[in-house]
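Chemist: Just so it is clear, I am handing over entry_21.pdb, which has PDB, C-alpha atoms, pLDDT in the B column.
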ATOM      1  CA  MET A  12     108.946 205.359  -2.727  1.00 74.00           C
ATOM      2  CA  ASP A  13     111.419 204.313  -0.057  1.00 81.00           C
ATOM      3  CA  LYS A  14     110.000 201.070   1.406  1.00 78.00           C
ATOM      4  CA  ASN A  15     112.092 201.686   4.535  1.00 77.00           C
ATOM      5  CA  LEU A  16     109.779 204.602   5.365  1.00 88.00           C
ATOM      6  CA  LEU A  17     106.662 202.377   5.229  1.00 91.00           C
ATOM      7  CA  LYS A  18     105.499 200.876   8.513  1.00 96.00           C
ATOM      8  CA  ILE A  19     102.374 198.886   9.418  1.00 97.00           C
ATOM      9  CA  ARG A  20     101.481 198.762  13.099  1.00 97.00           C
ATOM     10  CA  LYS A  21      98.649 198.513  15.603  1.00 97.00           C
ATOM     11  CA  VAL A  22      96.765 201.707  16.244  1.00 97.00           C
ATOM     12  CA  THR A  23      97.275 203.539  19.558  1.00 96.00           C
ATOM     13  CA  SER A  24      95.327 206.222  21.419  1.00 95.00           C
ATOM     14  CA  ASN A  25      97.877 208.738  20.152  1.00 96.00           C
ATOM     15  CA  ASP A  26      96.579 208.135  16.613  1.00 97.00           C
ATOM     16  CA  ALA A  27      93.078 209.466  17.353  1.00 96.00           C
ATOM     17  CA  ARG A  28      93.345 212.874  15.678  1.00 97.00           C
ATOM     18  CA  GLU A  29      95.408 211.795  12.667  1.00 97.00           C
ATOM     19  CA  TRP A  30      93.280 208.619  12.108  1.00 97.00           C
ATOM     20  CA  THR A  31      90.075 210.663  12.220  1.00 97.00           C
ATOM     21  CA  ILE A  32      91.320 213.418   9.912  1.00 97.00           C
ATOM     22  CA  PHE A  33      92.701 210.803   7.509  1.00 97.00           C
ATOM     23  CA  GLY A  34      89.332 209.009   7.550  1.00 96.00           C
ATOM     24  CA  LEU A  35      87.467 212.196   6.682  1.00 96.00           C
ATOM     25  CA  LYS A  36      89.840 212.965   3.808  1.00 96.00           C
ATOM     26  CA  ILE A  37      89.837 209.452   2.415  1.00 95.00           C
ATOM     27  CA  TRP A  38      86.033 209.228   2.623  1.00 93.00           C
ATOM     28  CA  ARG A  39      85.774 212.430   0.608  1.00 94.00           C
ATOM     29  CA  ASP A  40      88.213 211.056  -1.995  1.00 92.00           C
ATOM     30  CA  ALA A  41      86.637 207.596  -2.199  1.00 91.00           C
ATOM     31  CA  TYR A  42      83.003 208.650  -2.287  1.00 93.00           C
ATOM     32  CA  LYS A  43      83.041 212.061  -4.010  1.00 93.00           C
ATOM     33  CA  ASN A  44      81.149 210.659  -6.990  1.00 92.00           C
ATOM     34  CA  ILE A  45      78.625 208.805  -4.827  1.00 93.00           C
ATOM     35  CA  PHE A  46      77.600 211.097  -1.949  1.00 94.00           C
ATOM     36  CA  PRO A  47      76.502 214.737  -2.142  1.00 94.00           C
ATOM     37  CA  GLU A  48      78.706 217.391  -0.505  1.00 94.00           C
ATOM     38  CA  GLN A  49      76.397 217.657   2.512  1.00 95.00           C
ATOM     39  CA  VAL A  50      77.354 214.115   3.619  1.00 94.00           C
ATOM     40  CA  PHE A  51      81.016 215.148   3.886  1.00 95.00           C
ATOM     41  CA  ILE A  52      80.185 218.421   5.629  1.00 95.00           C
ATOM     42  CA  ASP A  53      78.054 216.507   8.164  1.00 95.00           C
ATOM     43  CA  ARG A  54      80.865 214.001   8.882  1.00 93.00           C
ATOM     44  CA  GLU A  55      83.498 216.732   9.141  1.00 95.00           C
ATOM     45  CA  SER A  56      81.359 218.704  11.611  1.00 96.00           C
ATOM     46  CA  LYS A  57      81.733 215.785  14.059  1.00 95.00           C
ATOM     47  CA  LEU A  58      85.547 215.728  14.067  1.00 95.00           C
ATOM     48  CA  GLU A  59      86.094 216.556  17.758  1.00 96.00           C
ATOM     49  CA  GLU A  60      83.331 214.156  18.866  1.00 95.00           C
ATOM     50  CA  LYS A  61      84.927 211.333  16.836  1.00 94.00           C
ATOM     51  CA  ILE A  62      88.335 212.045  18.370  1.00 95.00           C
ATOM     52  CA  LYS A  63      86.873 211.973  21.898  1.00 95.00           C
ATOM     53  CA  THR A  64      85.194 208.589  21.332  1.00 95.00           C
ATOM     54  CA  PHE A  65      88.118 207.094  19.378  1.00 95.00           C
ATOM     55  CA  ASP A  66      89.314 204.758  22.149  1.00 93.00           C
ATOM     56  CA  ASP A  67      85.769 203.424  22.635  1.00 91.00           C
ATOM     57  CA  LYS A  68      85.438 202.471  18.974  1.00 90.00           C
ATOM     58  CA  ILE A  69      88.925 201.744  17.629  1.00 93.00           C
ATOM     59  CA  GLN A  70      90.636 198.993  19.637  1.00 92.00           C
ATOM     60  CA  ASN A  71      92.935 195.995  19.508  1.00 92.00           C
ATOM     61  CA  ASN A  72      91.832 192.988  21.524  1.00 93.00           C
ATOM     62  CA  ASP A  73      90.261 189.575  20.916  1.00 91.00           C
ATOM     63  CA  ARG A  74      87.026 191.257  19.675  1.00 95.00           C
ATOM     64  CA  ASN A  75      88.372 194.153  17.573  1.00 96.00           C
ATOM     65  CA  ILE A  76      91.406 194.964  15.470  1.00 98.00           C
ATOM     66  CA  ALA A  77      92.807 198.254  14.138  1.00 98.00           C
ATOM     67  CA  TYR A  78      96.017 198.985  12.256  1.00 98.00           C
ATOM     68  CA  VAL A  79      97.609 201.906  10.467  1.00 98.00           C
ATOM     69  CA  ALA A  80     100.061 202.109   7.610  1.00 98.00           C
ATOM     70  CA  GLU A  81     102.483 205.004   7.900  1.00 97.00           C
ATOM     71  CA  TYR A  82     104.841 206.486   5.386  1.00 96.00           C
ATOM     72  CA  ASN A  83     107.549 208.682   6.832  1.00 93.00           C
ATOM     73  CA  GLY A  84     105.566 208.911  10.098  1.00 94.00           C
ATOM     74  CA  LYS A  85     102.234 209.970   8.507  1.00 97.00           C
ATOM     75  CA  ILE A  86      99.150 207.746   8.312  1.00 98.00           C
ATOM     76  CA  ILE A  87      98.508 206.656   4.724  1.00 97.00           C
ATOM     77  CA  GLY A  88      96.192 203.725   5.434  1.00 97.00           C
ATOM     78  CA  THR A  89      93.835 202.358   8.066  1.00 98.00           C
ATOM     79  CA  MET A  90      92.171 199.024   8.723  1.00 98.00           C
ATOM     80  CA  CYS A  91      89.687 197.972  11.387  1.00 97.00           C
ATOM     81  CA  GLY A  92      87.531 194.954  11.964  1.00 97.00           C
ATOM     82  CA  SER A  93      85.497 192.977  14.432  1.00 97.00           C
ATOM     83  CA  ILE A  94      85.274 189.293  15.282  1.00 96.00           C
ATOM     84  CA  LYS A  95      81.461 189.517  15.064  1.00 94.00           C
ATOM     85  CA  SER A  96      79.717 191.353  12.249  1.00 93.00           C
ATOM     86  CA  SER A  97      77.001 193.847  13.111  1.00 90.00           C
ATOM     87  CA  TYR A  98      75.163 192.920   9.904  1.00 89.00           C
ATOM     88  CA  GLU A  99      72.196 190.743  10.829  1.00 86.00           C
ATOM     89  CA  ASP A 100      72.593 188.460   7.804  1.00 88.00           C
ATOM     90  CA  PHE A 101      76.260 187.891   8.662  1.00 93.00           C
ATOM     91  CA  SER A 102      76.128 187.561  12.452  1.00 90.00           C
ATOM     92  CA  GLU A 103      78.308 184.432  12.337  1.00 93.00           C
ATOM     93  CA  TYR A 104      81.018 186.196  10.357  1.00 97.00           C
ATOM     94  CA  ALA A 105      83.975 188.317  11.341  1.00 97.00           C
ATOM     95  CA  ASP A 106      83.805 191.741   9.689  1.00 97.00           C
ATOM     96  CA  LEU A 107      86.545 193.655   7.916  1.00 98.00           C
ATOM     97  CA  ILE A 108      84.768 196.935   8.656  1.00 96.00           C
ATOM     98  CA  GLY A 109      87.069 199.511   7.141  1.00 95.00           C
ATOM     99  CA  LEU A 110      90.108 199.432   4.905  1.00 96.00           C
ATOM    100  CA  TYR A 111      91.314 202.695   3.395  1.00 96.00           C
ATOM    101  CA  ILE A 112      94.535 203.567   1.588  1.00 96.00           C
ATOM    102  CA  ASP A 113      95.548 207.055   0.432  1.00 96.00           C
ATOM    103  CA  SER A 114      95.202 207.031  -3.374  1.00 92.00           C
ATOM    104  CA  ARG A 115      98.876 208.022  -3.765  1.00 93.00           C
ATOM    105  CA  PHE A 116      99.875 204.746  -2.087  1.00 94.00           C
ATOM    106  CA  GLN A 117      97.402 202.345  -3.683  1.00 92.00           C
ATOM    107  CA  GLY A 118      98.776 199.462  -5.715  1.00 90.00           C
ATOM    108  CA  LEU A 119     101.717 198.850  -3.367  1.00 91.00           C
ATOM    109  CA  GLY A 120     100.217 195.847  -1.574  1.00 92.00           C
ATOM    110  CA  ILE A 121      99.258 197.696   1.614  1.00 96.00           C
ATOM    111  CA  SER A 122      95.597 196.661   1.475  1.00 95.00           C
ATOM    112  CA  THR A 123      96.614 193.050   0.844  1.00 95.00           C
ATOM    113  CA  LYS A 124      98.920 193.182   3.879  1.00 97.00           C
ATOM    114  CA  PHE A 125      96.044 194.603   5.966  1.00 97.00           C
ATOM    115  CA  LYS A 126      93.804 191.771   4.710  1.00 97.00           C
ATOM    116  CA  GLU A 127      96.411 189.180   5.704  1.00 96.00           C
ATOM    117  CA  ILE A 128      96.768 190.711   9.189  1.00 97.00           C
ATOM    118  CA  PHE A 129      92.975 190.724   9.594  1.00 98.00           C
ATOM    119  CA  GLU A 130      92.598 187.124   8.380  1.00 97.00           C
ATOM    120  CA  GLU A 131      95.309 185.837  10.720  1.00 97.00           C
ATOM    121  CA  TRP A 132      93.761 187.687  13.673  1.00 97.00           C
ATOM    122  CA  ALA A 133      90.191 186.581  12.847  1.00 97.00           C
ATOM    123  CA  SER A 134      91.239 182.951  12.429  1.00 96.00           C
ATOM    124  CA  LYS A 135      93.221 183.043  15.699  1.00 95.00           C
ATOM    125  CA  ASN A 136      90.108 184.387  17.441  1.00 95.00           C
ATOM    126  CA  GLY A 137      87.834 181.602  16.205  1.00 94.00           C
ATOM    127  CA  ALA A 138      86.316 182.949  12.981  1.00 96.00           C
ATOM    128  CA  SER A 139      85.913 180.610  10.023  1.00 96.00           C
ATOM    129  CA  GLN A 140      84.616 183.247   7.605  1.00 97.00           C
ATOM    130  CA  TYR A 141      84.390 186.996   7.226  1.00 97.00           C
ATOM    131  CA  VAL A 142      82.465 189.642   5.348  1.00 98.00           C
ATOM    132  CA  ILE A 143      83.258 193.005   3.758  1.00 97.00           C
ATOM    133  CA  GLY A 144      80.442 195.469   3.078  1.00 96.00           C
ATOM    134  CA  VAL A 145      80.964 197.977   0.278  1.00 96.00           C
ATOM    135  CA  LEU A 146      78.844 200.527  -1.527  1.00 96.00           C
ATOM    136  CA  LYS A 147      77.515 198.990  -4.721  1.00 96.00           C
ATOM    137  CA  ASP A 148      78.735 201.991  -6.738  1.00 95.00           C
ATOM    138  CA  ASN A 149      82.291 201.775  -5.346  1.00 94.00           C
ATOM    139  CA  THR A 150      83.623 199.807  -8.304  1.00 93.00           C
ATOM    140  CA  LYS A 151      87.280 200.392  -7.429  1.00 92.00           C
ATOM    141  CA  ALA A 152      86.963 198.685  -4.015  1.00 94.00           C
ATOM    142  CA  ARG A 153      84.669 195.994  -5.432  1.00 96.00           C
ATOM    143  CA  ASN A 154      87.306 195.100  -8.016  1.00 95.00           C
ATOM    144  CA  VAL A 155      89.859 194.628  -5.228  1.00 94.00           C
ATOM    145  CA  TYR A 156      87.498 192.439  -3.184  1.00 96.00           C
ATOM    146  CA  GLU A 157      86.716 190.317  -6.245  1.00 96.00           C
ATOM    147  CA  HIS A 158      90.441 190.029  -7.034  1.00 95.00           C
ATOM    148  CA  TRP A 159      90.908 188.730  -3.479  1.00 96.00           C
ATOM    149  CA  GLY A 160      88.414 185.942  -4.269  1.00 96.00           C
ATOM    150  CA  GLY A 161      85.401 187.292  -2.394  1.00 96.00           C
ATOM    151  CA  LYS A 162      82.026 185.791  -3.170  1.00 97.00           C
ATOM    152  CA  LEU A 163      79.329 188.374  -3.810  1.00 97.00           C
ATOM    153  CA  SER A 164      76.360 187.718  -1.538  1.00 96.00           C
ATOM    154  CA  GLU A 165      72.812 188.078  -2.836  1.00 95.00           C
ATOM    155  CA  PHE A 166      72.032 190.209   0.221  1.00 93.00           C
ATOM    156  CA  GLU A 167      71.948 193.988  -0.254  1.00 95.00           C
ATOM    157  CA  ARG A 168      70.906 196.738   2.103  1.00 93.00           C
ATOM    158  CA  ASP A 169      70.573 200.491   2.165  1.00 94.00           C
ATOM    159  CA  PHE A 170      73.461 202.414   3.709  1.00 93.00           C
ATOM    160  CA  VAL A 171      71.613 205.552   4.804  1.00 93.00           C
ATOM    161  CA  LYS A 172      73.237 208.986   4.870  1.00 91.00           C
ATOM    162  CA  LEU A 173      71.139 212.086   5.543  1.00 90.00           C
ATOM    163  CA  GLY A 174      67.949 210.162   4.865  1.00 90.00           C
ATOM    164  CA  VAL A 175      69.067 208.755   1.497  1.00 91.00           C
ATOM    165  CA  GLY A 176      69.748 205.053   0.966  1.00 92.00           C
ATOM    166  CA  TYR A 177      72.791 203.946  -1.020  1.00 95.00           C
ATOM    167  CA  LYS A 178      72.981 200.253  -1.918  1.00 96.00           C
ATOM    168  CA  GLU A 179      75.574 198.264  -0.024  1.00 96.00           C
ATOM    169  CA  VAL A 180      76.694 194.811  -1.186  1.00 97.00           C
ATOM    170  CA  PHE A 181      78.696 192.166   0.650  1.00 97.00           C
ATOM    171  CA  TYR A 182      81.639 189.934  -0.168  1.00 97.00           C
ATOM    172  CA  THR A 183      82.272 186.814   1.899  1.00 97.00           C
ATOM    173  CA  TYR A 184      85.478 184.891   2.421  1.00 97.00           C
ATOM    174  CA  ALA A 185      86.327 181.554   4.030  1.00 97.00           C
ATOM    175  CA  LEU A 186      89.260 181.463   6.429  1.00 95.00           C
ATOM    176  CA  THR A 187      91.714 178.604   6.531  1.00 79.00           C
ATOM    177  CA  LYS A 188      92.733 177.417   9.954  1.00 64.00           C
ATOM    178  CA  ASN A 189      96.375 178.020  10.857  1.00 52.00           C
TER     179      ASN A 189
END
Now that the file is in, can you turn its structure into structure tokens?

Modeler:
Amino acid sequence: MDKNLLKIRKVTSNDAREWTIFGLKIWRDAYKNIFPEQVFIDRESKLEEKIKTFDDKIQNNDRNIAYVAEYNGKIIGTMCGSIKSSYEDFSEYADLIGLYIDSRFQGLGISTKFKEIFEEWASKNGASQYVIGVLKDNTKARNVYEHWGGKLSEFERDFVKLGVGYKEVFYTYALTKN
């Protein structure tokens, strides 16, 4: 891989279609052994709706953050977060909501770079801790979050898709002030 072709940058409105299509593909890859096919079909049927509402949901400001990793001009990774978690048990935490890397580019430090960008941003915007929610059965992501030093919370909840609950667990992290 030519590292000169790798770029990490803030998301823009122009990324809406590619971000959304990438998200659908990566979800299918990451969760193919967890969710039934109908979950992916349901998500993919909402492609145009997701693109239309992209700018309302994916933003960069003092409340939200979103970045992409590109290789040779194509999105190969995405990261988004919020300064305030929507999880009731973690309302005082920032939230690293989504972090996805194309499997062909995993192991190159891109997710760690995204984590560092998120932590710097969250700390700058007043957070002292953050949370990452992950499906309990997603052992690959859980291993990464544990490697990063996350503390597994006792709290679990059901992540519901098409009326079925899938256990979600949470890793918490303390932020150091810059």

Chemist: Output the residue selection produced by the PyMOL selection byres ((chain A and resi 81-84) around 7) on the file above, formatted as an NGL selection string.

Modeler: :A and (16-19 or 79-80 or 85-88)

Chemist: One decimal, Å: what's the distance from CA of Gly92 (chain A) over to CA of Ser122 (chain A), could you say?

Modeler: 13.3 Å

Chemist: Using all atoms listed in the file, determine which residues lie at most 8 Å from region 152-168 of chain A, disregarding the query and same-chain residues fewer than 5 positions distant; provide the list as a PDB file with C-alpha atoms, in the coordinates of the input.

Modeler:
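See around39.pdb below for the written result:
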ATOM      1  CA  ASP A 100      72.593 188.460   7.804  1.00 88.00           C
ATOM      2  CA  VAL A 145      80.964 197.977   0.278  1.00 96.00           C
ATOM      3  CA  LYS A 147      77.515 198.990  -4.721  1.00 96.00           C
ATOM      4  CA  LYS A 178      72.981 200.253  -1.918  1.00 96.00           C
ATOM      5  CA  GLU A 179      75.574 198.264  -0.024  1.00 96.00           C
ATOM      6  CA  VAL A 180      76.694 194.811  -1.186  1.00 97.00           C
ATOM      7  CA  PHE A 181      78.696 192.166   0.650  1.00 97.00           C
ATOM      8  CA  TYR A 182      81.639 189.934  -0.168  1.00 97.00           C
ATOM      9  CA  THR A 183      82.272 186.814   1.899  1.00 97.00           C
ATOM     10  CA  TYR A 184      85.478 184.891   2.421  1.00 97.00           C
TER      11      TYR A 184
END

Chemist: I'd like the neighbourhood of region 107-119 of chain A as a PyMOL selection string, where a residue qualifies if any of its atoms comes within 8 Å (using all atoms listed in the file), though same-chain residues fewer than 5 positions away should be ignored.

Modeler: chain A and resi 34+37+87-93+125+129+141-144

Chemist: Run the PyMOL selection byres ((chain A and resi 32) around 12) mentally over the shown coordinates, then write out the matched residues as a CSV table (one decimal) with C-alpha atoms, in the frame of the given file, using the chain letters and numbers from the document.

Modeler:
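Saved as part_1.csv:
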chain,number,residue,atom,x,y,z
A,26,ASP,CA,96.6,208.1,16.6
A,27,ALA,CA,93.1,209.5,17.4
A,28,ARG,CA,93.3,212.9,15.7
A,29,GLU,CA,95.4,211.8,12.7
A,30,TRP,CA,93.3,208.6,12.1
A,31,THR,CA,90.1,210.7,12.2
A,33,PHE,CA,92.7,210.8,7.5
A,34,GLY,CA,89.3,209.0,7.6
A,35,LEU,CA,87.5,212.2,6.7
A,36,LYS,CA,89.8,213.0,3.8
A,37,ILE,CA,89.8,209.5,2.4
A,38,TRP,CA,86.0,209.2,2.6
A,39,ARG,CA,85.8,212.4,0.6
A,54,ARG,CA,80.9,214.0,8.9
A,55,GLU,CA,83.5,216.7,9.1
A,56,SER,CA,81.4,218.7,11.6
A,57,LYS,CA,81.7,215.8,14.1
A,58,LEU,CA,85.5,215.7,14.1
A,59,GLU,CA,86.1,216.6,17.8
A,61,LYS,CA,84.9,211.3,16.8
A,62,ILE,CA,88.3,212.0,18.4
A,65,PHE,CA,88.1,207.1,19.4
A,85,LYS,CA,102.2,210.0,8.5
A,86,ILE,CA,99.2,207.7,8.3
A,87,ILE,CA,98.5,206.7,4.7
A,88,GLY,CA,96.2,203.7,5.4
A,89,THR,CA,93.8,202.4,8.1

Chemist: Between CA of Tyr104 (chain A) and CA of Gln140 (chain A), what is the spacing in Å?

Modeler: 5.4 Å

Chemist: What is the distance between CA of Gly137 (chain A) and CA of Ser96 (chain A), in Å to one decimal?

Modeler: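 Here the two named atoms are 13.3 Å from each other.
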
Chemist: I would like the residues chosen by the PyMOL selection byres ((chain A and resi 72) around 12) on the shown file; could you give them as a PyMOL selection string?

Modeler: chain A and resi 21-22+68-71+73-78+91-94+132-133+135-136

Chemist: May I have the residues within 8 Å of Ser97 (chain A) as a ChimeraX atom specification, using all atoms listed in the file and disregarding those fewer than 3 positions away in the same chain?

Modeler: /A:101-102,106

Chemist: As AutoDock Vina command-line options, please: the centre and edge lengths in Å, to one decimal, of an axis-aligned box enclosing every listed atom of region 151-154 of chain A with 8 Å added on each side.

Modeler:
--center_x 86.0 --center_y 197.7 --center_z -6.0 --size_x 18.6 --size_y 21.3 --size_z 20.0

Chemist: Taking all atoms listed in the file into account, name the residue in A:Gln49, A:Val175, A:Asp169, A:Thr187 that is nearest to Glu131 (chain A).

Modeler: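 Checking each of A:Gln49, A:Val175, A:Asp169, A:Thr187 against Glu131 (chain A), counting all atoms listed in the file, the winner is A:Thr187.
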
Chemist: Considering only C-alpha atoms, can you say which of A:Ser134, A:Phe170, A:Lys151, A:Thr64 comes closest to Tyr98 (chain A)?

Modeler: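 Distance minimum relative to Tyr98 (chain A) lands on A:Phe170.
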